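A.B. asks: The structure follows.
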Amino acid sequence: METGQPFPLQMPSFLQGALASVSRKARKEGQRCGAQYLKDGSFPSARELISIPPGEVVIAHEVVDFQREQLGWRLYMMSSVMSGLYEAADWQNVFQVRDAYEAFCRDTPWGALYFAISPTGPASAERTALRLRAALRFWEPLQSARYLFTSPQRALSLEDLMMAACGWAVEAWCPTGDGSVRERLALAAERMARASRDDSVEAILRQLPRALAQESGLRHREVLADPAFQRQQLAALDGEAFAHVSAAWTAPLIRQLHLWDRQLETHPA
């Protein structure tokens, strides 16, 4: 390859095909990885990597995968790999196995992207920083593809995909300032990686209005929207509970709002 020529995006063959085929292959891959992990604590590399032509479409979210008999690249089916992995481990030490496999996958472009854009927990500030940085390392090859994520009719660029999936990180951790999507995600990851608890609180407070706006089923909305109440409740969280919301990701914040809402039923503010 000539100097300066970008490496092509490569993905494992188990993610290519019709949905039923990919599901079987991905689960089998997870079982293979799980078997080796149980044996020696390592994971095998994918057996076959295929270079994807520039502009190829990758299906990155199951909600847009309507043509299930059509051949394609189905990145979101990494979830079946995870299921096979847990099955191989007989659902023992699931968290340990999950964490080890994620760390292994973050050294691959497809794994880095999957864990960056997929709603997979836990999502502490520290782990989210690792996920974003992994995807940023593979930016050039990942940029060569197009992605279905929010609409089956509109293929997104990598920049649009990352903003659709991780725009909350930019809003929470670098809400002001110019720069490309890549630069702003890098800044968000840097700030998350070195964030103190107080830093995370400020990021969470910036995102809680968005979480409130997205959730209509809250009974004590006025109390929940009070910044003083929010600060008080965040200060009361223990270390593990706070870690779950420390990245300021919208989904865990919505879950936390529902917990506070239920608590207000029995202990009004």
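Identifiers for the structure tokens are assigned positionally: chains receive A, B, ... in sequence, residues are indexed from 1 per chain, and ligands are indexed from 1 in the order shown.
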Please report, as a VMD selection string, each residue of segment 58-204 of chain A to which DSSP assigns alpha helix (DSSP H) when run on this structure's backbone.
C.D. replies: chain A and resid 78 to 88 94 to 105 109 to 117 125 to 137 139 to 143 158 to 173 181 to 193 197 to 204
A.B. asks: For Arg24 of chain A, list every protein, DNA or RNA residue within 12 Å, evaluated using only C-alpha atoms, and leave out those in the same chain fewer than 5 positions away; present the list as a ChimeraX atom specification.
C.D. replies: /A:14-19,29-31,77-81,83-84
A.B. asks: Could you pull out the strand (DSSP E) residues of segment 33-86 of chain A from DSSP and send them as a PyMOL selection string?
C.D. replies: chain A and resi 49-51+57-59+72-74
A.B. asks: For Val63 of chain A, work out the shell of residues within 9 Å, counting only C-alpha atoms and skipping chain neighbours fewer than 5 positions away, then give it as a JSON list (two decimals) with N, CA and C atoms, in the first residue's frame.
C.D. replies:
```json
[["chain", "number", "residue", "atom", "x", "y", "z"],
["A", 149, "PHE", "N", -28.81, 3.98, 10.39],
["A", 149, "PHE", "CA", -28.92, 4.05, 11.85],
["A", 149, "PHE", "C", -30.25, 4.66, 12.29],
["A", 150, "THR", "N", -30.62, 5.79, 11.70],
["A", 150, "THR", "CA", -31.85, 6.47, 12.11],
["A", 150, "THR", "C", -32.98, 6.31, 11.11],
["A", 151, "SER", "N", -32.67, 5.98, 9.88],
["A", 151, "SER", "CA", -33.68, 5.83, 8.84],
["A", 151, "SER", "C", -33.21, 4.81, 7.82],
["A", 152, "PRO", "N", -34.09, 3.90, 7.40],
["A", 152, "PRO", "CA", -33.69, 2.92, 6.39],
["A", 152, "PRO", "C", -33.49, 3.53, 5.01]]
```
